[in-house]
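J.: So I've got this file, protein-v2.tsv, and it contains TSV, C-alpha atoms:
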```
chain	number	residue	atom	x	y	z
A	1	MET	CA	-144.21	71.70	-196.39
A	2	PRO	CA	-144.20	69.98	-192.97
A	3	ASN	CA	-147.06	67.76	-191.90
A	4	LEU	CA	-147.56	68.91	-188.31
A	5	ALA	CA	-149.40	66.93	-185.66
A	6	ALA	CA	-150.32	67.47	-182.00
A	7	VAL	CA	-148.81	64.39	-180.34
A	8	MET	CA	-149.57	63.24	-176.80
A	9	THR	CA	-146.15	62.11	-175.56
A	10	ALA	CA	-147.10	61.57	-171.90
A	11	LEU	CA	-150.07	62.18	-169.62
A	12	GLU	CA	-151.21	65.81	-169.96
A	13	THR	CA	-148.36	66.53	-172.38
A	14	ILE	CA	-148.82	67.59	-176.00
A	15	GLU	CA	-145.99	68.33	-178.44
A	16	VAL	CA	-146.33	69.60	-182.00
A	17	GLN	CA	-144.23	67.29	-184.16
A	18	GLN	CA	-143.58	66.78	-187.83
A	19	ARG	CA	-144.92	63.51	-189.28
A	20	PRO	CA	-144.24	61.86	-192.67
A	21	GLU	CA	-146.20	63.05	-195.66
A	22	PRO	CA	-149.01	60.55	-196.40
A	23	VAL	CA	-149.29	58.94	-199.83
A	24	ALA	CA	-152.60	57.50	-201.01
A	25	GLY	CA	-152.48	53.84	-202.01
A	26	PRO	CA	-155.26	51.82	-203.62
A	27	GLY	CA	-158.61	52.60	-201.98
A	28	GLU	CA	-157.12	55.38	-199.87
A	29	ALA	CA	-157.35	59.17	-199.75
A	30	VAL	CA	-155.38	61.97	-198.15
A	31	VAL	CA	-157.45	64.61	-196.36
A	32	ALA	CA	-156.29	68.07	-195.28
A	33	ILE	CA	-157.90	68.22	-191.84
A	34	ARG	CA	-159.78	71.48	-191.25
A	35	ALA	CA	-161.63	71.00	-187.95
A	36	VAL	CA	-161.42	68.50	-185.07
A	37	GLY	CA	-163.88	68.45	-182.18
A	38	VAL	CA	-162.65	67.60	-178.69
A	39	CYS	CA	-164.46	64.57	-177.27
A	40	GLY	CA	-164.59	63.34	-173.69
A	41	SER	CA	-162.64	60.29	-174.81
A	42	ASP	CA	-159.78	62.53	-175.94
A	43	VAL	CA	-159.75	64.16	-172.52
A	44	SER	CA	-159.76	60.77	-170.76
A	45	TYR	CA	-156.76	59.55	-172.76
A	46	TYR	CA	-154.99	62.86	-172.14
A	47	ARG	CA	-155.53	62.79	-168.37
A	48	TYR	CA	-155.66	59.11	-167.48
A	49	GLY	CA	-154.12	57.27	-170.42
A	50	ARG	CA	-156.99	54.83	-170.87
A	51	ILE	CA	-160.67	54.17	-171.42
A	52	GLY	CA	-161.75	50.71	-170.34
A	53	PRO	CA	-159.59	48.15	-172.18
A	54	PHE	CA	-157.91	50.76	-174.40
A	55	VAL	CA	-154.61	51.88	-172.90
A	56	VAL	CA	-152.18	54.44	-174.29
A	57	ASP	CA	-148.75	52.85	-174.65
A	58	GLY	CA	-146.45	55.36	-176.28
A	59	ASP	CA	-147.03	58.49	-178.33
A	60	ILE	CA	-150.49	58.97	-179.81
A	61	ILE	CA	-152.34	61.60	-181.84
A	62	LEU	CA	-155.82	62.30	-180.47
A	63	GLY	CA	-159.00	63.50	-182.21
A	64	HIS	CA	-161.74	61.61	-184.10
A	65	GLU	CA	-164.52	64.18	-184.71
A	66	THR	CA	-163.28	65.64	-187.95
A	67	SER	CA	-163.73	67.04	-191.44
A	68	GLY	CA	-161.55	68.41	-194.21
A	69	ASP	CA	-160.69	68.54	-197.91
A	70	VAL	CA	-159.66	65.63	-200.12
A	71	ILE	CA	-156.26	66.46	-201.61
A	72	ALA	CA	-155.26	63.09	-203.10
A	73	VAL	CA	-156.93	59.77	-203.95
A	74	GLY	CA	-155.49	56.37	-204.71
A	75	GLU	CA	-156.31	53.86	-207.40
A	76	GLY	CA	-159.87	52.56	-207.38
A	77	VAL	CA	-161.41	55.37	-205.32
A	78	ILE	CA	-164.78	56.35	-206.81
A	79	ASN	CA	-166.80	57.92	-203.97
A	80	VAL	CA	-164.70	61.09	-203.62
A	81	VAL	CA	-162.49	63.24	-205.81
A	82	VAL	CA	-159.80	65.79	-205.11
A	83	GLY	CA	-161.42	69.00	-203.89
A	84	ASP	CA	-164.38	67.38	-202.13
A	85	ARG	CA	-165.23	68.70	-198.68
A	86	VAL	CA	-165.80	65.66	-196.49
A	87	ALA	CA	-166.89	64.53	-193.05
A	88	ILE	CA	-164.89	61.52	-191.86
A	89	GLU	CA	-166.33	58.48	-190.13
A	90	PRO	CA	-163.50	57.45	-187.78
A	91	SER	CA	-164.22	53.70	-187.99
A	92	GLU	CA	-162.19	51.43	-190.26
A	93	PRO	CA	-163.39	47.80	-190.00
A	94	ASP	CA	-161.78	44.83	-191.73
A	95	TRP	CA	-164.99	44.27	-193.80
A	96	THR	CA	-164.44	40.48	-193.76
A	97	CYS	CA	-165.24	39.22	-190.23
A	98	THR	CA	-168.53	37.68	-189.07
A	99	GLN	CA	-169.77	40.99	-187.62
A	100	CYS	CA	-168.94	42.93	-190.78
A	101	ARG	CA	-170.62	40.34	-193.02
A	102	ALA	CA	-173.72	40.58	-190.80
A	103	GLY	CA	-173.82	44.35	-191.33
A	104	ARG	CA	-172.52	45.19	-187.86
A	105	TYR	CA	-169.21	46.67	-188.94
A	106	HIS	CA	-169.07	48.86	-185.82
A	107	LEU	CA	-168.64	45.66	-183.76
A	108	CYS	CA	-165.77	44.37	-185.89
A	109	PRO	CA	-163.16	42.83	-183.53
A	110	ASN	CA	-160.42	44.26	-185.74
A	111	LEU	CA	-161.93	47.74	-185.96
A	112	ARG	CA	-159.40	50.54	-186.24
A	113	PHE	CA	-160.84	53.72	-184.75
A	114	LEU	CA	-159.14	57.11	-184.95
A	115	ALA	CA	-157.49	58.11	-181.65
A	116	THR	CA	-158.16	54.76	-180.00
A	117	PRO	CA	-154.84	53.16	-179.01
A	118	PRO	CA	-152.76	52.21	-180.87
A	119	VAL	CA	-154.34	54.07	-183.82
A	120	ASP	CA	-153.42	57.74	-184.30
A	121	GLY	CA	-156.17	60.32	-184.68
A	122	ALA	CA	-156.95	63.42	-186.69
A	123	LEU	CA	-154.99	66.19	-184.95
A	124	ILE	CA	-152.65	66.34	-187.92
A	125	GLN	CA	-152.56	68.55	-190.99
A	126	ARG	CA	-152.81	65.77	-193.59
A	127	LEU	CA	-154.35	62.39	-192.77
A	128	LEU	CA	-154.33	59.12	-194.74
A	129	VAL	CA	-157.68	57.28	-194.55
A	130	ASP	CA	-159.66	54.48	-196.14
A	131	ALA	CA	-161.68	56.41	-198.74
A	132	ARG	CA	-164.81	54.46	-197.77
A	133	THR	CA	-164.90	56.44	-194.51
A	134	LEU	CA	-165.37	59.75	-196.38
A	135	PHE	CA	-168.74	61.42	-196.97
A	136	VAL	CA	-169.09	64.49	-199.16
A	137	MET	CA	-170.65	67.54	-197.50
A	138	PRO	CA	-172.81	70.05	-199.35
A	139	ALA	CA	-171.42	73.54	-199.83
A	140	SER	CA	-173.84	74.87	-197.22
A	141	MET	CA	-172.16	72.92	-194.41
A	142	THR	CA	-169.18	74.27	-192.48
A	143	TYR	CA	-166.18	72.20	-191.46
A	144	GLU	CA	-167.31	72.55	-187.85
A	145	GLU	CA	-170.69	71.07	-188.75
A	146	GLY	CA	-168.89	68.27	-190.57
A	147	ALA	CA	-166.91	67.44	-187.44
A	148	LEU	CA	-170.13	67.40	-185.40
A	149	VAL	CA	-171.59	64.62	-187.56
A	150	GLU	CA	-169.64	62.24	-185.31
A	151	PRO	CA	-171.27	63.11	-181.95
A	152	LEU	CA	-174.60	63.52	-183.76
A	153	SER	CA	-174.16	59.97	-185.02
A	154	VAL	CA	-173.94	58.71	-181.45
A	155	GLY	CA	-177.37	60.22	-180.77
A	156	LEU	CA	-178.82	58.95	-184.04
A	157	TRP	CA	-177.60	55.42	-183.37
A	158	GLY	CA	-178.99	55.56	-179.83
A	159	CYS	CA	-182.39	56.48	-181.27
A	160	GLN	CA	-182.16	53.65	-183.77
A	161	ARG	CA	-181.16	51.17	-181.06
A	162	VAL	CA	-184.33	51.92	-179.10
A	163	GLY	CA	-186.48	51.89	-182.23
A	164	LEU	CA	-187.64	55.46	-181.68
A	165	ARG	CA	-191.03	56.01	-183.30
A	166	PRO	CA	-192.88	59.19	-184.28
A	167	GLY	CA	-194.99	60.29	-181.33
A	168	ASP	CA	-192.67	58.96	-178.63
A	169	ASP	CA	-192.11	61.00	-175.48
A	170	VAL	CA	-188.36	61.04	-174.87
A	171	LEU	CA	-186.27	61.70	-171.77
A	172	VAL	CA	-182.59	62.60	-172.33
A	173	THR	CA	-180.37	62.51	-169.25
A	174	GLY	CA	-177.24	64.63	-169.66
A	175	ALA	CA	-177.07	67.89	-171.64
A	176	GLY	CA	-173.47	67.71	-172.80
A	177	PRO	CA	-172.69	67.68	-176.53
A	178	VAL	CA	-173.85	64.08	-177.01
A	179	GLY	CA	-176.97	64.58	-174.89
A	180	LEU	CA	-177.95	67.74	-176.74
A	181	LEU	CA	-177.38	66.08	-180.12
A	182	ALA	CA	-179.25	62.96	-178.98
A	183	ALA	CA	-182.18	65.25	-178.15
A	184	GLU	CA	-181.88	66.86	-181.58
A	185	SER	CA	-181.80	63.39	-183.14
A	186	ALA	CA	-184.93	62.32	-181.29
A	187	ARG	CA	-186.84	65.40	-182.40
A	188	ALA	CA	-185.67	65.07	-186.00
A	189	LEU	CA	-186.80	61.44	-186.06
A	190	GLY	CA	-190.32	62.32	-184.92
A	191	ALA	CA	-190.42	62.40	-181.12
A	192	ARG	CA	-193.54	64.15	-179.83
A	193	THR	CA	-191.78	65.67	-176.82
A	194	VAL	CA	-188.16	65.74	-175.65
A	195	THR	CA	-187.18	66.52	-172.06
A	196	VAL	CA	-183.52	67.08	-171.12
A	197	THR	CA	-182.04	66.83	-167.62
A	198	ASP	CA	-178.66	67.94	-166.27
A	199	ILE	CA	-177.02	69.46	-163.18
A	200	SER	CA	-175.55	72.39	-165.15
A	201	GLU	CA	-177.73	75.50	-165.35
A	202	PHE	CA	-175.74	76.70	-168.37
A	203	ARG	CA	-176.32	73.49	-170.32
A	204	LEU	CA	-179.99	73.39	-169.37
A	205	GLU	CA	-180.33	76.94	-170.64
A	206	LEU	CA	-178.74	75.88	-173.95
A	207	ALA	CA	-181.11	72.92	-174.20
A	208	SER	CA	-184.02	75.26	-173.52
A	209	LYS	CA	-182.85	77.58	-176.31
A	210	HIS	CA	-183.00	74.55	-178.60
A	211	GLY	CA	-186.67	74.21	-177.72
A	212	PHE	CA	-186.50	71.27	-175.32
A	213	ALA	CA	-188.25	70.98	-171.98
A	214	VAL	CA	-185.62	70.95	-169.22
A	215	GLU	CA	-185.33	69.67	-165.67
A	216	GLN	CA	-182.65	69.88	-163.01
A	217	SER	CA	-181.35	66.35	-162.47
A	218	GLY	CA	-183.09	64.64	-159.58
A	219	ASN	CA	-185.81	67.31	-159.42
A	220	PRO	CA	-188.50	66.37	-161.97
A	221	SER	CA	-191.19	68.95	-162.61
A	222	ASP	CA	-193.77	66.13	-162.78
A	223	PRO	CA	-192.58	63.05	-160.83
A	224	ASP	CA	-195.53	61.00	-162.05
A	225	ARG	CA	-194.91	61.59	-165.75
A	226	ARG	CA	-193.75	58.57	-167.73
A	227	PHE	CA	-191.75	58.47	-170.96
A	228	ASP	CA	-191.63	56.01	-173.86
A	229	VAL	CA	-187.88	56.33	-174.43
A	230	LEU	CA	-184.84	57.08	-172.26
A	231	LEU	CA	-181.56	58.21	-173.85
A	232	GLU	CA	-179.03	58.09	-171.00
A	233	CYS	CA	-176.08	60.25	-172.07
A	234	SER	CA	-174.46	61.29	-168.77
A	235	GLY	CA	-172.84	58.12	-167.48
A	236	GLY	CA	-173.40	59.55	-163.99
A	237	PRO	CA	-173.80	57.22	-160.98
A	238	GLY	CA	-177.43	56.32	-160.40
A	239	VAL	CA	-178.71	58.28	-163.40
A	240	LEU	CA	-179.57	55.22	-165.47
A	241	ALA	CA	-181.53	53.58	-162.64
A	242	ALA	CA	-183.45	56.77	-161.91
A	243	GLY	CA	-184.24	57.25	-165.58
A	244	LEU	CA	-185.48	53.70	-165.99
A	245	GLU	CA	-187.94	54.26	-163.15
A	246	ARG	CA	-189.53	57.03	-165.24
A	247	LEU	CA	-190.32	54.84	-168.23
A	248	ALA	CA	-193.85	53.77	-169.06
A	249	PRO	CA	-194.70	50.07	-169.48
A	250	ALA	CA	-192.92	48.67	-172.56
A	251	GLY	CA	-190.53	51.64	-172.44
A	252	ARG	CA	-187.15	51.46	-174.17
A	253	ALA	CA	-183.80	52.78	-173.00
A	254	ALA	CA	-180.48	53.37	-174.75
A	255	VAL	CA	-177.37	53.47	-172.57
A	256	ILE	CA	-175.14	55.96	-174.40
A	257	GLY	CA	-173.04	57.49	-171.62
A	258	ILE	CA	-170.22	55.29	-170.34
A	259	SER	CA	-170.31	54.85	-166.57
A	260	LYS	CA	-167.18	54.16	-164.54
A	261	VAL	CA	-169.16	52.04	-162.06
A	262	ASN	CA	-171.58	49.13	-162.43
A	263	ALA	CA	-175.23	50.10	-162.40
A	264	ASP	CA	-177.61	48.95	-159.68
A	265	LEU	CA	-180.86	48.54	-161.61
A	266	PRO	CA	-184.46	48.38	-160.30
A	267	LEU	CA	-185.14	44.95	-161.79
A	268	HIS	CA	-188.48	44.58	-160.01
A	269	THR	CA	-189.80	47.57	-161.95
A	270	LEU	CA	-188.07	46.65	-165.19
A	271	ASN	CA	-189.38	43.08	-165.27
A	272	TRP	CA	-192.92	44.03	-164.30
A	273	ASN	CA	-193.10	46.69	-167.03
A	274	GLU	CA	-191.08	44.79	-169.65
A	275	ILE	CA	-188.56	47.59	-170.08
A	276	THR	CA	-186.06	47.06	-172.91
A	277	ILE	CA	-182.47	48.24	-172.40
A	278	SER	CA	-180.17	48.66	-175.39
A	279	LEU	CA	-176.44	49.29	-175.13
A	280	VAL	CA	-174.79	51.67	-177.59
A	281	SER	CA	-171.32	51.13	-179.06
A	282	ARG	CA	-170.53	53.98	-181.39
A	283	TYR	CA	-172.73	53.79	-184.57
A	284	GLN	CA	-173.17	52.38	-188.04
A	285	ASN	CA	-174.32	53.85	-191.35
A	286	THR	CA	-175.25	57.20	-189.80
A	287	TRP	CA	-173.13	59.69	-191.77
A	288	PRO	CA	-175.46	60.16	-194.77
A	289	LEU	CA	-178.42	60.74	-192.44
A	290	GLY	CA	-176.44	63.04	-190.15
A	291	ILE	CA	-175.23	65.17	-193.05
A	292	ALA	CA	-178.74	65.37	-194.51
A	293	LEU	CA	-180.28	66.42	-191.18
A	294	ILE	CA	-177.68	69.14	-190.63
A	295	ALA	CA	-177.78	70.44	-194.20
A	296	SER	CA	-181.59	70.58	-194.18
A	297	GLY	CA	-181.76	72.41	-190.85
A	298	ARG	CA	-183.67	69.54	-189.22
A	299	VAL	CA	-180.88	69.40	-186.61
A	300	ASN	CA	-179.91	72.65	-184.88
A	301	LEU	CA	-176.22	72.93	-183.96
A	302	GLU	CA	-176.37	76.51	-182.68
A	303	GLY	CA	-174.36	77.01	-179.49
A	304	VAL	CA	-172.68	73.58	-179.54
A	305	HIS	CA	-169.31	74.86	-180.79
A	306	THR	CA	-168.16	77.25	-178.07
A	307	HIS	CA	-164.33	77.41	-178.19
A	308	SER	CA	-161.70	77.47	-180.96
A	309	PHE	CA	-157.96	76.68	-180.82
A	310	PRO	CA	-155.03	76.35	-183.24
A	311	LEU	CA	-153.05	73.10	-183.29
A	312	SER	CA	-150.36	74.57	-181.01
A	313	ARG	CA	-152.96	75.07	-178.26
A	314	THR	CA	-154.31	71.54	-178.27
A	315	ALA	CA	-153.58	71.15	-174.55
A	316	ASP	CA	-155.72	74.23	-173.83
A	317	ALA	CA	-158.53	72.74	-175.90
A	318	LEU	CA	-158.35	69.50	-173.91
A	319	ASN	CA	-158.48	71.39	-170.62
A	320	VAL	CA	-161.12	74.02	-171.37
A	321	GLY	CA	-164.02	71.75	-170.45
A	322	SER	CA	-162.87	71.61	-166.83
A	323	SER	CA	-161.82	75.25	-166.56
A	324	ASP	CA	-164.74	77.03	-168.25
A	325	PRO	CA	-168.32	76.09	-167.25
A	326	THR	CA	-169.59	77.59	-170.51
A	327	ALA	CA	-167.59	75.13	-172.63
A	328	VAL	CA	-169.66	72.71	-174.68
A	329	LYS	CA	-167.57	71.72	-177.69
A	330	ALA	CA	-164.04	72.93	-178.40
A	331	MET	CA	-162.73	72.81	-181.98
A	332	ILE	CA	-159.08	72.54	-183.00
A	333	TYR	CA	-157.87	73.73	-186.41
A	334	PRO	CA	-154.79	71.75	-187.56
A	335	GLN	CA	-154.11	74.08	-190.49
A	336	GLU	CA	-153.68	76.90	-187.96
A	337	ALA	CA	-150.42	75.66	-186.51
```
Please re-express this file's structure in structure tokens.
T.:
Amino acid sequence: MPNLAAVMTALETIEVQQRPEPVAGPGEAVVAIRAVGVCGSDVSYYRYGRIGPFVVDGDIILGHETSGDVIAVGEGVINVVVGDRVAIEPSEPDWTCTQCRAGRYHLCPNLRFLATPPVDGALIQRLLVDARTLFVMPASMTYEEGALVEPLSVGLWGCQRVGLRPGDDVLVTGAGPVGLLAAESARALGARTVTVTDISEFRLELASKHGFAVEQSGNPSDPDRRFDVLLECSGGPGVLAAGLERLAPAGRAAVIGISKVNADLPLHTLNWNEITISLVSRYQNTWPLGIALIASGRVNLEGVHTHSFPLSRTADALNVGSSDPTAVKAMIYPQEA
């Protein structure tokens, strides 16, 4: 049986190719990939061939939001068994460096991350992984929900970085998948109120259906209102600075969205009010919490998954976000070749 993968062979070019059958060595597992969510990083590699310092140099398999079934385990694996349905954390640190020993494995300088050059991703039918990156899902969770643990983790880690406390009033800028799931994270962790801003009427409507207060970006319903926490998820020019201006004294901000330009910040306001700004680089130790929040219903994923594609239509999945304004999260199914 062939092990098919969607391979990016050039900019905006995807070919379905056969790859070698993976064999689990000590500490490893083979996972039959069932669902892969399309992330903005996948689209950036597909269109531009790079994100910051990470440059595509040769063929690469995209996709890092993923789940599937364990079909083989190597010697010494004790956290999963064949037949387990799992969500996959796409980070594989070296576990030995200074950052890893300090508990900051997500900052490991030797981190291997799925679909970050030169590491191949999950758009393949059977994937070999470090078994420590696998987390068993309850039977109530779908494969799509398992794949969404990854973007949910970004929101959860952003909330942890700002030290979100029960009773906080939270402003989320950007209502894309990460922004919506950051808002869900904030509410699940005890925020008193969550307000979401965006320029898209469709995405604001979705956020409203999730029970969040919404505002058109740049047009606050109450310009004098101040928030305890800002979760900036858009990466849009000027959005961070405008959001920081809306924080109360001692407010905290997490910069989650990656901007392509340097930010011009209102330091006079920030210093006077002792605003704390935290930068967010992926996540750490969030999969158990993310799975528990989804399985318990504390996090609502309704309406996030909007489009579905077989492996052979990976290019369509990567393009749908720019062609369909109702697209939020596309899912690709590698077993449907």
J.: Could you check the closest approach to Glu274 (chain A) for each of A:Val299, A:Ala241, A:Leu247, A:Ala6 and tell me which residue wins, using all atoms listed in the file?
T.: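 Ranking A:Val299, A:Ala241, A:Leu247, A:Ala6 by distance to Glu274 (chain A), first place goes to A:Leu247.
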J.: I need the residue nearest Leu318 (chain A) from this list: A:Arg19, A:Arg132, A:Glu28, A:Tyr46. Use all atoms listed in the file for the distance.
T.: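 That would be A:Tyr46, the residue with the smallest distance to Leu318 (chain A).
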J.: To one decimal place, how far is CA of Ala29 (chain A) from CA of Glu75 (chain A) in Å?
T.: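 According to the coordinates, CA of Ala29 (chain A) and CA of Glu75 (chain A) are separated by 9.4 Å.
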J.: At a cut-off of 8 Å from (-169.6, 67.4, -187.2) in the coordinates of the file, what residues are picked up using all atoms listed in the file, written as a list in words?
T.: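 Applying the cut-off with all atoms listed in the file, one gets Gly37, Glu65, Thr66, Ser67, Ala87, Tyr143, Glu144, Glu145, Gly146, Ala147, Leu148, Val149, Glu150, Pro151 and Leu152 of chain A.
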J.: Using all atoms listed in the file, pick whichever of A:Leu128, A:Ala183, A:Leu244, A:Ala115 has the shortest atom-to-atom distance to Val56 (chain A).
T.: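 Distance minimum relative to Val56 (chain A) lands on A:Ala115.
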J.: Given the choices A:Arg85, A:Gly25, A:Asp324, A:Leu311, which gets closest to Ser140 (chain A) if the distance is worked out from all atoms listed in the file?
T.: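 Of A:Arg85, A:Gly25, A:Asp324, A:Leu311, the one nearest Ser140 (chain A) is A:Arg85, counting all atoms listed in the file.
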J.: Have a look at CA of Ala5 (chain A) and CA of Gly58 (chain A) and let me know their distance in Å, one decimal.
T.: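 A separation of 15.2 Å between them.
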J.: Write out as a PDB file with C-alpha atoms, keeping the file's coordinate frame which residues come within 7 Å of region 200-213 of chain A when counting only C-alpha atoms, dropping same-chain ones fewer than 6 positions away.
T.:
```pdb
ATOM      1  CA  ALA A 175    -177.070  67.890-171.640  1.00  0.00           C
ATOM      2  CA  GLY A 176    -173.470  67.710-172.800  1.00  0.00           C
ATOM      3  CA  LEU A 180    -177.950  67.740-176.740  1.00  0.00           C
ATOM      4  CA  VAL A 194    -188.160  65.740-175.650  1.00  0.00           C
ATOM      5  CA  THR A 326    -169.590  77.590-170.510  1.00  0.00           C
TER       6      THR A 326
END
```
J.: Mind filling out region 50-58 of chain A with all heavy atoms and sending it as a PDB file, in the coordinates of the input?
T.:
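Okay, this is what ended up in result_16.pdb:
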```pdb
ATOM      1  N   ARG A  50    -156.219  56.019-170.532  1.00  0.00           N
ATOM      2  CA  ARG A  50    -156.990  54.830-170.870  1.00  0.00           C
ATOM      3  C   ARG A  50    -158.483  55.103-170.835  1.00  0.00           C
ATOM      4  O   ARG A  50    -158.957  56.042-170.186  1.00  0.00           O
ATOM      5  CB  ARG A  50    -156.671  53.689-169.900  1.00  0.00           C
ATOM      6  CG  ARG A  50    -157.165  53.913-168.470  1.00  0.00           C
ATOM      7  CD  ARG A  50    -156.832  52.704-167.593  1.00  0.00           C
ATOM      8  NE  ARG A  50    -157.417  51.482-168.144  1.00  0.00           N
ATOM      9  CZ  ARG A  50    -156.926  50.270-167.936  1.00  0.00           C
ATOM     10  NH1 ARG A  50    -155.837  50.108-167.203  1.00  0.00           N
ATOM     11  NH2 ARG A  50    -157.518  49.208-168.461  1.00  0.00           N
ATOM     12  N   ILE A  51    -159.213  54.262-171.535  1.00  0.00           N
ATOM     13  CA  ILE A  51    -160.670  54.170-171.420  1.00  0.00           C
ATOM     14  C   ILE A  51    -160.989  52.689-171.475  1.00  0.00           C
ATOM     15  O   ILE A  51    -160.811  52.037-172.517  1.00  0.00           O
ATOM     16  CB  ILE A  51    -161.394  54.904-172.561  1.00  0.00           C
ATOM     17  CG1 ILE A  51    -161.109  56.404-172.539  1.00  0.00           C
ATOM     18  CG2 ILE A  51    -162.902  54.689-172.452  1.00  0.00           C
ATOM     19  CD1 ILE A  51    -161.722  57.156-173.697  1.00  0.00           C
ATOM     20  N   GLY A  52    -161.447  52.128-170.378  1.00  0.00           N
ATOM     21  CA  GLY A  52    -161.750  50.710-170.340  1.00  0.00           C
ATOM     22  C   GLY A  52    -160.548  49.883-170.751  1.00  0.00           C
ATOM     23  O   GLY A  52    -159.446  50.051-170.204  1.00  0.00           O
ATOM     24  N   PRO A  53    -160.710  49.020-171.774  1.00  0.00           N
ATOM     25  CA  PRO A  53    -159.590  48.150-172.180  1.00  0.00           C
ATOM     26  C   PRO A  53    -158.556  48.835-173.053  1.00  0.00           C
ATOM     27  O   PRO A  53    -157.520  48.244-173.359  1.00  0.00           O
ATOM     28  CB  PRO A  53    -160.295  47.028-172.954  1.00  0.00           C
ATOM     29  CG  PRO A  53    -161.486  47.701-173.562  1.00  0.00           C
ATOM     30  CD  PRO A  53    -161.937  48.719-172.539  1.00  0.00           C
ATOM     31  N   PHE A  54    -158.818  50.064-173.483  1.00  0.00           N
ATOM     32  CA  PHE A  54    -157.910  50.760-174.400  1.00  0.00           C
ATOM     33  C   PHE A  54    -156.923  51.611-173.606  1.00  0.00           C
ATOM     34  O   PHE A  54    -157.321  52.565-172.934  1.00  0.00           O
ATOM     35  CB  PHE A  54    -158.705  51.614-175.390  1.00  0.00           C
ATOM     36  CG  PHE A  54    -159.670  50.824-176.213  1.00  0.00           C
ATOM     37  CD1 PHE A  54    -161.035  50.871-175.957  1.00  0.00           C
ATOM     38  CD2 PHE A  54    -159.214  50.008-177.240  1.00  0.00           C
ATOM     39  CE1 PHE A  54    -161.928  50.136-176.707  1.00  0.00           C
ATOM     40  CE2 PHE A  54    -160.106  49.262-178.011  1.00  0.00           C
ATOM     41  CZ  PHE A  54    -161.459  49.325-177.732  1.00  0.00           C
ATOM     42  N   VAL A  55    -155.655  51.249-173.710  1.00  0.00           N
ATOM     43  CA  VAL A  55    -154.610  51.880-172.900  1.00  0.00           C
ATOM     44  C   VAL A  55    -153.572  52.509-173.812  1.00  0.00           C
ATOM     45  O   VAL A  55    -153.096  51.875-174.768  1.00  0.00           O
ATOM     46  CB  VAL A  55    -153.942  50.848-171.963  1.00  0.00           C
ATOM     47  CG1 VAL A  55    -152.856  51.510-171.116  1.00  0.00           C
ATOM     48  CG2 VAL A  55    -154.996  50.182-171.061  1.00  0.00           C
ATOM     49  N   VAL A  56    -153.228  53.754-173.530  1.00  0.00           N
ATOM     50  CA  VAL A  56    -152.180  54.440-174.290  1.00  0.00           C
ATOM     51  C   VAL A  56    -150.828  53.871-173.897  1.00  0.00           C
ATOM     52  O   VAL A  56    -150.464  53.836-172.721  1.00  0.00           O
ATOM     53  CB  VAL A  56    -152.208  55.959-174.015  1.00  0.00           C
ATOM     54  CG1 VAL A  56    -151.056  56.645-174.745  1.00  0.00           C
ATOM     55  CG2 VAL A  56    -153.547  56.554-174.436  1.00  0.00           C
ATOM     56  N   ASP A  57    -150.077  53.416-174.881  1.00  0.00           N
ATOM     57  CA  ASP A  57    -148.750  52.850-174.650  1.00  0.00           C
ATOM     58  C   ASP A  57    -147.785  53.449-175.659  1.00  0.00           C
ATOM     59  O   ASP A  57    -147.511  52.884-176.707  1.00  0.00           O
ATOM     60  CB  ASP A  57    -148.791  51.324-174.761  1.00  0.00           C
ATOM     61  CG  ASP A  57    -147.443  50.674-174.454  1.00  0.00           C
ATOM     62  OD1 ASP A  57    -146.589  51.349-173.847  1.00  0.00           O
ATOM     63  OD2 ASP A  57    -147.251  49.504-174.836  1.00  0.00           O
ATOM     64  N   GLY A  58    -147.315  54.645-175.355  1.00  0.00           N
ATOM     65  CA  GLY A  58    -146.450  55.360-176.280  1.00  0.00           C
ATOM     66  C   GLY A  58    -147.134  56.598-176.827  1.00  0.00           C
ATOM     67  O   GLY A  58    -148.244  56.951-176.421  1.00  0.00           O
TER      68      GLY A  58
END
```
